[in-house]
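Presented below is the structure to which this report refers.
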Amino acid sequence: MKLLNKNIKYYAAIAAFGLIASCKPTINIDEPASNTQVDFSKYIAIGNSLTAGYSNGGLYLSGQQNSFPNFIAEKMKRFGGGEFITPYFSEEQRNGSGYIRLKALINGAPVTESVTTNLAIRGFNEAGATLYTRYTGTDINNLGVPGMRLDMAFANGVGSVAGNPYFERLLPENAPLTTTYFDYSTSKNHTFFSFALGNNDVLGYATNGAYTDSPTNTLTSIPLFTQLYTNYINTLTTNNQKGVVATIPDVTETPFLNTVTTQLLEQGVTASTGGVFTKIWISTANGAREATSADLFALTFDTDTLGKAVVFGNPRTAGYGLLQSNPLHDKHVLDKDEVLEVKNTINAYNAAIKNIADSKGLAIADVYDFMNKVKVGYNYNGIAISNKYITGNAFSLDGIHLTPMGYAIMANIFIDAINAKYNTALEKVDATQYPAVLIP
Amino acid sequence: MKKLLLLLLFASPMLLHAQGSQVNTQGIKALGISGAGSALFVDETSIFYNPGALAKIENNAISVGASAIMYRSAFREQNSFQQYNTKFQISPPFSIFATFGPKNTWWKAGIGVYTPFGGGVNWGQEWPGKFELNHLSLRAIYIQPTLSFKLTDNFSVGGGFVYNIGMVGLSRSIPTFNDQGQPGRAELSGTGTGTGYNVGIHYNLEDKFALSLSYRSKVVTKLKDGDAEFTVPSALASSFPTTTFDAELPLPSSFNVGITFPLSEKVDFVADGTLINYSIYKSLTFNYKHNTDDVIGDDALEDTYQPKNYGNAFSTKIGVNYTPSDKLELRAGGGYVITPVKPEFVYAETPDNNRIMASVGFTYALSNKFDINGAYTFQRILQRTVTNSITGLNGTFKTNIHAPGISLTYKW
């Protein structure tokens with residue numbers, strides 16, 4: 001009793017502290033498992049524009065900062081991840097290649113404008129194509145190159161001034177023409193990798209209406225794709241390195257090909273011609289026919305050409321796209337047979353990707369599967385995510401690349417895949433902290 | 001022709017429903033036994049707990065009580081190490097009960113003004129569920145004139161008419177981002193009214209054993225012309241005009257059975273069971289006065305419907321009341337509440353689950369005329385990991401509630 005009296009103030013203090021402390025509940029979490037299967041100390045990200053953080057039709061500093069590999073690398077730090085270096089544009093040249101932003105909503109319709117200040121343009125090549133300020137920093141981890149294709153990764157000269165300017169800016173001056181992206185990206189002494197190439201082997205083809213008029217819009221054959229993909233992954237896993245590969249999302253489900261619809265075009269034509277014309281005529285492999293809702297148009301399709309005397313290999317007559325005799329050029333529409341061809345190709349690519357990944361014990365970030373969820377639309381923490389232009393929140397103004405929120409969600413697909421495959425406990429990214437399309 | 005669809009999906013705003021913040025602190029004596037005691041405490045607070053017992057009070061009394069409900073929730077998103085807490089805030093329910101009427105006769109009148117539902121959660125604008133909810137505050141004030149009659153010495157009945165004034169304020173982030181990347185915000189506030197009743201019967205055997213049955217009706221609170229304000233990028237301002245809204249919030253009926261009997265000369269046992277008919281809360285609909293549909297043929301601000309699909313709730317409370325002297329009563333109790341909220345409909349407004357309750361309390365007679373009552377209750381809403389089927393928010397909630405209360409009674 002004496003002891004109790006003596007210590008009573010301590011007991012009281014403990015009781016009071018307990019009371020205050022218990023006021024705020026604590027949700028107990030299992031201590032994350034230590035990471036024994038994978039070595040995140042040097043993570044490299046190989047890929048195209050999605051890996052680079054391309055958004056709103058351009059590559060620029062804040063997009064680079066919100067790329068999905070940067071999100072992943074940040075979460076790896078807790079589990080032995082090392083420094084993750086991105087070839088950022090400087091603050092002074094923060095707008096990089098330039099990009100588009102929303103200028104206004106006029107009667108609710110989005111009007112975009114180009115950002116042309118603080119660019120990182122250092123000049124132009126002989127063909128007049130843009131060259132960007134060379135990145136001169138230390139060895140980088142985010143190797144994402146907008147426009148990079150699997151076939152081009154093995155091609156000489158792609159890193160030259162005549163090639164891909166985003167790859168060119170990463171290479172030292174006067175790099176030999178034989179420096180391929182494959183060689184460049186597989187010589188980084190990585191311990192872990194993410195691999196997200198292959199999209200552009202079908203994307204350029206699809207967005208050009210399945211019409212090939214340049215190396216950037218050819219369709220890589222399935223055998224070639226499989227062979228190159230296998231080579232790449234074999235090399236990346238030479239020392240039993242672990243990694244995560246991404247499947248190819250279905251480009252025909254992006255806002256880029258689902259915003260300007262046949263129905264919208266017909267409504268516009270009907271209204272502007274007072275009902276004289278009501279249908280859109282397109283060129284297909286089987287000749288000209290009226291467009292249906294199964295035929296897809298690009299977001300960038302210039303609707304002002306409709307009905308004009310526009311020539312794309314067609315006779316110079318007026319009524320472009322409105323007459324059976326002057327249908328839209330093949331490259332201005334991805335008709336339903338071409339849609340099927342694109343879908344089948346993507347499925348075949350993905351089957352190959354999964355095969356190779358499984359044989360090497362790699363994690364698979366099934367972006368294709370996720371895109372199917374986005375197509376239907378779902379709610380993420382109260383935010384409607386869909387493939388709707390602007391209001392779907394995932395896609396940026398270019399209709400193909402993602403918003404910061406979209407990239408954060410994409411990072412979580414990779415994180416989930418890595419955690420599932422390697423029994424790691426990478427934390428997911430809180431995508432609600434990142435914006436979707438910015439509205440003035 | 002480059003007109004493109006711009007649909008601003010304005011996912012439903014939502015209202016706190018009562019259960020999550022319901023802490024019954026109307027009577028400080030009952031609070032000391034986690035809400036049990038409707039059969040034992042025959043006093044002015046019977047206006048709330050059982051109007052049927054009122055006629056058995058021999059004197060007249062007025063009591064004024066207040067409590068400080070400290071409601072603190074935590075959330076951790078699935079596969080995240082970050083815990084978010086609601087901001088610390090004290091919601092101060094109050095109650096006033098007064099009886100009128102001649103002594104030692106067969107009837108008694110009374111009036112009660114109390115707050116059966118009330119409280120608030122403020123998750124702030126940074127947490128992962130901000131597009132579901134920023135903050136919500138709800139207060140329902142019931143005004144209840146009451147009459148009670150003794151049919152026999154042991155058996156009495158009573159009833160009261162309930163007029164409810166409900167006040168609600170809520171805000172949430174909306175997924176429109178300005179050129180700085182900041183999300184928009186919706187803020188709604190309104191006041192509504194509703195009516196209902198409260199009836200009960202009380203039966204006792206020579207002050208030893210007593211039985212209490214009471215029923216409180218549902219009170220459908222209709223909010224009319226509440227204020228709705230939106231902070232959105234300026235290009236969207238005309239699509240989100242400041243407007244008004246109507247909504248209907250059904251506060252549930254409840255049926256309560258209470259018993260008491262002595263365990264010894266100085267110790268009484270009490271137990272109460274309450275069935276709360278929350279299943280009437282099926283959905284919440286907001287009707288905005290101005291709907292905007294001029295954003296490329298689509299709606300920006302449209303009426304919203306949100307399923308709630310509550311089940312019924314059941315609570316049991318037991319405890320003891322110890323009377324060591326004429327001047328002092330001590331009491332303690334505990335209870336368990338089965339939540340009406342189904343896992344897929346757990347919203348941040350009411351991160352509810354089954355809860356456990358423990359309480360202590362006292363009554364001290366300052367004089368023949370003055371009593372002071374004090375109580376302290378702790379409630380834990382058990383940890384619950386859910387995925388909301390509407391918003392998709394996926395994570396774990398846990399809530400602690402601390403509520404001290406005090407009341408002063410003057411008898412004559």
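Residue numbering restarts at 1 for every chain of the structure tokens, chains are lettered A, B, ... in their displayed order, and ligands are numbered from 1 as they appear.
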Counting only C-alpha atoms, which residues of chain A come no farther than 6 Å from chain B, as a PDB file with C-alpha atoms, in the first residue's frame?
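And here is the file that came out, iface.pdb:
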```pdb
ATOM      1  CA  LYS A  24      -5.623   7.620 -31.861  1.00  0.00           C
ATOM      2  CA  PRO A  25      -6.124   4.079 -33.076  1.00  0.00           C
ATOM      3  CA  LEU A 105     -13.398  24.776 -72.921  1.00  0.00           C
ATOM      4  CA  GLY A 108     -17.690  22.522 -73.189  1.00  0.00           C
ATOM      5  CA  ALA A 109     -15.409  21.380 -75.995  1.00  0.00           C
ATOM      6  CA  GLY A 268     -21.168  16.952 -87.661  1.00  0.00           C
ATOM      7  CA  ASN A 379     -13.779   3.523 -59.677  1.00  0.00           C
ATOM      8  CA  TYR A 380     -10.411   4.050 -58.065  1.00  0.00           C
ATOM      9  CA  ASN A 381     -10.869   5.585 -54.612  1.00  0.00           C
ATOM     10  CA  GLY A 382     -13.905   7.491 -55.798  1.00  0.00           C
ATOM     11  CA  THR A 391     -12.851  12.737 -68.120  1.00  0.00           C
ATOM     12  CA  GLU A 427       4.210  -0.342 -51.123  1.00  0.00           C
ATOM     13  CA  LYS A 428       1.640   0.780 -53.636  1.00  0.00           C
ATOM     14  CA  THR A 432      -4.879  10.065 -55.608  1.00  0.00           C
ATOM     15  CA  PRO A 435      -3.498  14.904 -60.953  1.00  0.00           C
ATOM     16  CA  LEU A 438      -5.124  19.847 -65.922  1.00  0.00           C
ATOM     17  CA  ILE A 439      -7.977  22.207 -66.710  1.00  0.00           C
ATOM     18  CA  PRO A 440      -7.420  25.971 -66.837  1.00  0.00           C
TER      19      PRO A 440
END
```
So that I can see what lies close to segment 246-248 of chain A, please list as number ranges by chain the residues with an atom at most 10 Å from it, counting only C-alpha atoms and leaving out residues fewer than 4 positions away in the same chain. A: 47, 194-203, 346-347, 349-354, 357, 363-371, 413-414, 417
When you draw a straight line from atom CA of Asn59 of chain B to atom CA of Ala365 of chain B, how long is it in Å?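 Between atom CA of Asn59 of chain B and atom CA of Ala365 of chain B the gap works out to 15.3 Å.
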Among segment 69-163 of chain A, which ones does DSSP place in helix (DSSP H, G or I), written as a list in words?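 Restricting segment 69-163 of chain A to helix (DSSP H, G or I) produces Pro69, Asn70, Phe71, Ile72, Ala73, Glu74, Lys75, Met76, Lys77, Arg78, Phe79, Leu150, Asp151, Met152 and Ala153 of chain A.
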Requested write-out: C-alpha atoms of the selected residues, as a PDB file, in the first residue's frame:
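And here's again.pdb as it stands now:
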```pdb
ATOM      1  CA  PRO A  69       9.564   3.525 -63.261  1.00  0.00           C
ATOM      2  CA  ASN A  70      10.292   6.539 -61.068  1.00  0.00           C
ATOM      3  CA  PHE A  71       7.303   5.666 -58.898  1.00  0.00           C
ATOM      4  CA  ILE A  72       8.479   2.054 -58.653  1.00  0.00           C
ATOM      5  CA  ALA A  73      12.076   3.023 -57.873  1.00  0.00           C
ATOM      6  CA  GLU A  74      10.893   5.269 -55.071  1.00  0.00           C
ATOM      7  CA  LYS A  75       9.110   2.320 -53.454  1.00  0.00           C
ATOM      8  CA  MET A  76      12.130   0.049 -53.928  1.00  0.00           C
ATOM      9  CA  LYS A  77      14.276   2.289 -51.746  1.00  0.00           C
ATOM     10  CA  ARG A  78      12.832   0.747 -48.603  1.00  0.00           C
ATOM     11  CA  PHE A  79      13.958  -2.678 -49.793  1.00  0.00           C
ATOM     12  CA  LEU A 150      11.525  -3.644 -80.489  1.00  0.00           C
ATOM     13  CA  ASP A 151      12.748  -3.923 -84.082  1.00  0.00           C
ATOM     14  CA  MET A 152      14.485  -0.533 -83.932  1.00  0.00           C
ATOM     15  CA  ALA A 153      16.206  -1.470 -80.683  1.00  0.00           C
TER      16      ALA A 153
END
```
Between B:Phe149, B:Trp412, B:Phe230, B:Tyr281, single out the one closest to Gly184 of chain B, counting only C-alpha atoms. B:Phe230
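Taking only C-alpha atoms into account, Gly160 of chain B lies nearest to B:Ser46 out of the set B:Ser46, B:Thr115, B:Asn60, B:Thr231.
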A:Lys42, A:Arg94, A:Arg134, A:His332 ranked by distance to Phe193 of chain A, top pick (using only C-alpha atoms):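 Closest candidate: A:Lys42.
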Which neighbours of Thr195 of chain B fall inside 6 Å, counting only C-alpha atoms, when residues of the same chain fewer than 4 positions from it are skipped, and could you give them as number ranges by chain? B: 162-164, 219
Got a sec: who's within 6 Å of Leu382 of chain B, counting only C-alpha atoms, leaving out chain neighbours fewer than 4 positions off, as an MDAnalysis selection string? chainID B and resid 353:355 398
